[in-house]
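These notes concern the structure reproduced below.
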Amino acid sequence: MAGIYLHIPFCRQACNYCDFYFITKQNKKDNFVQALLLELELQKNRLDGHEPIETYYFGGGTPSQLSDKHIDDILNILYKWYPIIPGGEITLEANPDDLSPERIRRWKAAGINRLSLGIQSLDEAQLHWMHRAHTAGQALSAVAMCQDAGMTNLTLDLIYGLPKTKPGAWEKQLLWLKDQQVPHFSAYALTLEPRTRLSKEIANGTQAPLEDSEMINCFTILESFIHSTNYEAYEISNFSLPDFRAKHNSAYWSGKPYLGFGPSAHSFISPHRIHTLPDLNSYLTQLINFNQLPPHSIENLTEHDFINEYILTRLRTIEGINLNFLREKYNYDLSKEFPSELQEWNTKGWIQYSEENISLTWKGRLQADGISSSLFKI
Ligand code: SF4
């Protein structure tokens, strides 16, 4: 099944850790939507001959920064040129400070059936430290507001390993989420990305460097929480109740085709990966003035790329790497290429390993990047 991704680059303010493409100027939203509709029309035949479309995903940036009319206009074009299967998953990322009961009802009536809420933390001091635009009170009431409006298919984004996490605070957040019966959540370890406000502040000494111990402590609490609930850790950063896995993101991890629209969006139609330049001005000029596709790069994926991408993404999932798939499709046998490494990681308790499969243990999830890059085909 194919998916459609839309990158909406507007944010109310810049969070200190964020390295996504976003802008905080608010005056180009109408032009952006006009350009996006043109881009959707220009590409309308790109998925001909491919699988039916199962998911739409409004990501960003902050899609809830668009007006409801903008969202209606985009959906109407999507329904027209990229018809989705009945019951397909339509997700909108929204921040708590953009929600109101009326907006949620209107989004639902327009066809949005899943909201991804950028909660990040329920601690006022941590939200302030991250430079988030919402308060803890808004985060707390966001879930109730969605549920009252009949939008029960929710996913929440949380960040852990933040400096000076108060004892018990992270566990309390996880228990709150369970009490609210939130069916899906993503929990990301805070990482330092170059060119973010946080990395500049650490470099100039106004912030202390991040401590691995904070992250590992929260990770251990997360592991205990998952073991004591019926959330499934189906991907390193993604957790769901039964039948609530994210269909859109799962398609990325399974190598399915998808089309991305908007500045900085990626598309994948085998064997090509297309990356639109992360620049709103050139995006607007090219589409509105010339009715041409925005500046983009095209990468021709080689067999090596496919193998390495499979290893990287599948190792992050609960299913792990299917060794027979690699043997049969690419004649690449990890058990013969890396017998001593696999044995060592198995002994250390980082992987579960059989003739058919390699998957990470909880302990191994902390080593995921090192393990997958060691297994790459060079
Ligand atoms: S984390 Fe989300 S809301 Fe914050 S700047 Fe990045 S995209 Fe915008």
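Chain identifiers are assigned as A, B, and so on, following the order in which chains appear in the structure tokens; residues are numbered from 1 within each chain, and ligands are numbered from 1 in order of appearance.
Once only C-alpha atoms and all ligand atoms are used for the distance check, the residues close to ligand 1 at 7 Å turn out to be Cys11, Gln13, Ala14, Cys15, Cys18, Asp19, Phe20, Phe22, Gly60, Gly61, Thr62 and Arg132 of chain A.
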Just the selected residues (C-alpha atoms), exported as a PDB file, in the first residue's frame, please.
ATOM      1  CA  CYS A  11       5.608  26.540  13.646  1.00  0.00           C
ATOM      2  CA  GLN A  13       8.138  29.110  17.732  1.00  0.00           C
ATOM      3  CA  ALA A  14      11.394  27.181  17.466  1.00  0.00           C
ATOM      4  CA  CYS A  15      11.880  24.298  19.902  1.00  0.00           C
ATOM      5  CA  CYS A  18      14.430  20.505  16.584  1.00  0.00           C
ATOM      6  CA  ASP A  19      16.226  19.933  13.291  1.00  0.00           C
ATOM      7  CA  PHE A  20      13.175  19.477  11.059  1.00  0.00           C
ATOM      8  CA  PHE A  22      10.283  24.703   9.718  1.00  0.00           C
ATOM      9  CA  GLY A  60       5.792  19.162   9.769  1.00  0.00           C
ATOM     10  CA  GLY A  61       6.416  21.674  11.161  1.00  0.00           C
ATOM     11  CA  THR A  62       3.004  22.008  12.711  1.00  0.00           C
ATOM     12  CA  ARG A 132       7.688  24.635  23.464  1.00  0.00           C
TER      13      ARG A 132
END
Which residues are near Gly364 (chain A)? Cut-off 8 Å, only C-alpha atoms, ignore same chain within fewer than 2 positions. Put them as a PDB file with all heavy atoms, in the first residue's frame.
ATOM      1  N   GLY A 349      23.774 -10.269  25.263  1.00  0.00           N
ATOM      2  CA  GLY A 349      22.333 -10.077  25.493  1.00  0.00           C
ATOM      3  C   GLY A 349      21.770  -8.908  24.720  1.00  0.00           C
ATOM      4  O   GLY A 349      20.721  -8.359  25.074  1.00  0.00           O
ATOM      5  N   TRP A 350      22.428  -8.511  23.621  1.00  0.00           N
ATOM      6  CA  TRP A 350      21.943  -7.373  22.826  1.00  0.00           C
ATOM      7  C   TRP A 350      20.990  -7.817  21.710  1.00  0.00           C
ATOM      8  O   TRP A 350      20.181  -7.017  21.256  1.00  0.00           O
ATOM      9  CB  TRP A 350      23.126  -6.639  22.178  1.00  0.00           C
ATOM     10  CG  TRP A 350      24.014  -5.919  23.152  1.00  0.00           C
ATOM     11  CD1 TRP A 350      23.835  -5.812  24.504  1.00  0.00           C
ATOM     12  CD2 TRP A 350      25.224  -5.211  22.843  1.00  0.00           C
ATOM     13  NE1 TRP A 350      24.847  -5.092  25.057  1.00  0.00           N
ATOM     14  CE2 TRP A 350      25.718  -4.697  24.064  1.00  0.00           C
ATOM     15  CE3 TRP A 350      25.933  -4.955  21.676  1.00  0.00           C
ATOM     16  CZ2 TRP A 350      26.888  -3.941  24.136  1.00  0.00           C
ATOM     17  CZ3 TRP A 350      27.097  -4.197  21.737  1.00  0.00           C
ATOM     18  CH2 TRP A 350      27.572  -3.706  22.962  1.00  0.00           C
ATOM     19  N   ILE A 351      21.171  -9.059  21.229  1.00  0.00           N
ATOM     20  CA  ILE A 351      20.299  -9.529  20.134  1.00  0.00           C
ATOM     21  C   ILE A 351      19.743 -10.912  20.450  1.00  0.00           C
ATOM     22  O   ILE A 351      20.313 -11.665  21.253  1.00  0.00           O
ATOM     23  CB  ILE A 351      21.048  -9.598  18.769  1.00  0.00           C
ATOM     24  CG1 ILE A 351      22.254 -10.562  18.848  1.00  0.00           C
ATOM     25  CG2 ILE A 351      21.473  -8.224  18.292  1.00  0.00           C
ATOM     26  CD1 ILE A 351      22.858 -10.876  17.471  1.00  0.00           C
ATOM     27  N   LEU A 360      16.583  -7.115  18.093  1.00  0.00           N
ATOM     28  CA  LEU A 360      17.226  -6.509  19.260  1.00  0.00           C
ATOM     29  C   LEU A 360      16.481  -6.863  20.539  1.00  0.00           C
ATOM     30  O   LEU A 360      15.240  -6.911  20.546  1.00  0.00           O
ATOM     31  CB  LEU A 360      17.238  -4.983  19.120  1.00  0.00           C
ATOM     32  CG  LEU A 360      18.085  -4.398  17.999  1.00  0.00           C
ATOM     33  CD1 LEU A 360      17.862  -2.886  17.910  1.00  0.00           C
ATOM     34  CD2 LEU A 360      19.562  -4.702  18.208  1.00  0.00           C
ATOM     35  N   THR A 361      17.211  -7.076  21.612  1.00  0.00           N
ATOM     36  CA  THR A 361      16.600  -7.153  22.938  1.00  0.00           C
ATOM     37  C   THR A 361      16.427  -5.712  23.438  1.00  0.00           C
ATOM     38  O   THR A 361      16.909  -4.762  22.794  1.00  0.00           O
ATOM     39  CB  THR A 361      17.530  -7.888  23.908  1.00  0.00           C
ATOM     40  OG1 THR A 361      18.741  -7.130  23.962  1.00  0.00           O
ATOM     41  CG2 THR A 361      17.817  -9.309  23.429  1.00  0.00           C
ATOM     42  N   TRP A 362      15.805  -5.539  24.585  1.00  0.00           N
ATOM     43  CA  TRP A 362      15.708  -4.181  25.154  1.00  0.00           C
ATOM     44  C   TRP A 362      17.095  -3.603  25.390  1.00  0.00           C
ATOM     45  O   TRP A 362      17.360  -2.445  25.073  1.00  0.00           O
ATOM     46  CB  TRP A 362      14.895  -4.196  26.447  1.00  0.00           C
ATOM     47  CG  TRP A 362      13.452  -3.961  26.180  1.00  0.00           C
ATOM     48  CD1 TRP A 362      12.505  -4.916  25.938  1.00  0.00           C
ATOM     49  CD2 TRP A 362      12.782  -2.692  26.071  1.00  0.00           C
ATOM     50  NE1 TRP A 362      11.299  -4.323  25.688  1.00  0.00           N
ATOM     51  CE2 TRP A 362      11.430  -2.960  25.776  1.00  0.00           C
ATOM     52  CE3 TRP A 362      13.186  -1.370  26.204  1.00  0.00           C
ATOM     53  CZ2 TRP A 362      10.484  -1.946  25.601  1.00  0.00           C
ATOM     54  CZ3 TRP A 362      12.253  -0.359  26.042  1.00  0.00           C
ATOM     55  CH2 TRP A 362      10.917  -0.652  25.740  1.00  0.00           C
ATOM     56  N   LEU A 366      19.648   0.001  22.962  1.00  0.00           N
ATOM     57  CA  LEU A 366      20.571   1.113  23.229  1.00  0.00           C
ATOM     58  C   LEU A 366      21.784   1.072  22.299  1.00  0.00           C
ATOM     59  O   LEU A 366      22.524   2.048  22.194  1.00  0.00           O
ATOM     60  CB  LEU A 366      21.042   1.067  24.687  1.00  0.00           C
ATOM     61  CG  LEU A 366      19.986   1.400  25.752  1.00  0.00           C
ATOM     62  CD1 LEU A 366      20.492   1.072  27.143  1.00  0.00           C
ATOM     63  CD2 LEU A 366      19.602   2.875  25.664  1.00  0.00           C
ATOM     64  N   GLN A 367      21.980  -0.069  21.628  1.00  0.00           N
ATOM     65  CA  GLN A 367      23.149  -0.224  20.732  1.00  0.00           C
ATOM     66  C   GLN A 367      22.723  -0.267  19.266  1.00  0.00           C
ATOM     67  O   GLN A 367      23.503  -0.666  18.398  1.00  0.00           O
ATOM     68  CB  GLN A 367      23.882  -1.550  21.051  1.00  0.00           C
ATOM     69  CG  GLN A 367      24.138  -1.816  22.506  1.00  0.00           C
ATOM     70  CD  GLN A 367      25.097  -0.802  23.112  1.00  0.00           C
ATOM     71  OE1 GLN A 367      25.917  -0.229  22.389  1.00  0.00           O
ATOM     72  NE2 GLN A 367      24.976  -0.562  24.399  1.00  0.00           N
ATOM     73  N   ALA A 368      21.474   0.089  18.975  1.00  0.00           N
ATOM     74  CA  ALA A 368      20.907  -0.171  17.649  1.00  0.00           C
ATOM     75  C   ALA A 368      21.760   0.409  16.512  1.00  0.00           C
ATOM     76  O   ALA A 368      22.040  -0.287  15.526  1.00  0.00           O
ATOM     77  CB  ALA A 368      19.493   0.395  17.577  1.00  0.00           C
TER      78      ALA A 368
END
Minimum-distance residue to Glu51 (chain A), chosen among A:Gly3, A:Pro167, A:Gly150, A:Pro63 (using only C-alpha atoms): A:Gly3
Proximity to Trp107 (chain A) - best of A:Ser282, A:Gln181, A:Ser374, A:Thr91, only C-alpha atoms: A:Thr91
Residues near Leu115 (chain A), cut-off 9 Å, only C-alpha atoms, skip fewer than 5 positions along chain, as a list in words: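 Close residues of Leu115 (chain A): Ile90, Thr91, Leu92, Glu93, Ala94, Cys146, Met151, Thr152, Asn153, Leu154, Thr155 and Leu156 of chain A.
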Output as CSV one row per residue of region 277-334 of chain A within 12 Å of region 234-239 of chain A: the closest atom pair and its distance in Å to one decimal place, counting only C-alpha atoms, sorted by chain and residue number ascending.
residue,atom,partner,partner_atom,distance
A:Leu312,CA,A:Ile236,CA,11.6
A:Thr313,CA,A:Glu235,CA,9.2
A:Arg314,CA,A:Glu235,CA,8.8
A:Leu315,CA,A:Glu235,CA,8.7
A:Arg316,CA,A:Ile236,CA,5.3
A:Thr317,CA,A:Glu235,CA,4.2
A:Ile318,CA,A:Tyr234,CA,4.8
A:Glu319,CA,A:Tyr234,CA,7.8
A:Gly320,CA,A:Glu235,CA,9.4
Please, could you write that set of residues out with C-alpha atoms as a short mmCIF file (atom, residue, chain, number, x, y, z; two decimals), in the first residue's frame?
data_model
loop_
_atom_site.label_atom_id
_atom_site.label_comp_id
_atom_site.auth_asym_id
_atom_site.auth_seq_id
_atom_site.Cartn_x
_atom_site.Cartn_y
_atom_site.Cartn_z
CA LEU A 312 18.74 -0.22 9.38
CA THR A 313 14.95 -0.03 9.44
CA ARG A 314 14.12 -3.67 10.18
CA LEU A 315 16.52 -3.90 13.10
CA ARG A 316 14.52 -1.12 14.74
CA THR A 317 11.31 -3.17 14.53
CA ILE A 318 10.08 -5.94 16.77
CA GLU A 319 10.09 -8.30 13.75
CA GLY A 320 13.82 -7.76 13.19
#
Per-residue DSSP, region 292-367 of chain A, filtered to alpha helix (DSSP H), as a PyMOL selection string: chain A and resi 303-315+323-330+334-337+339-347+362-365
Shell of 12 Å around Glu39 (chain A), only C-alpha atoms, local chain residues under 5 positions omitted, as a PyMOL selection string: chain A and resi 6+32-34+44-46+74+77-78+81+259-263+265+276+283-288+290-295
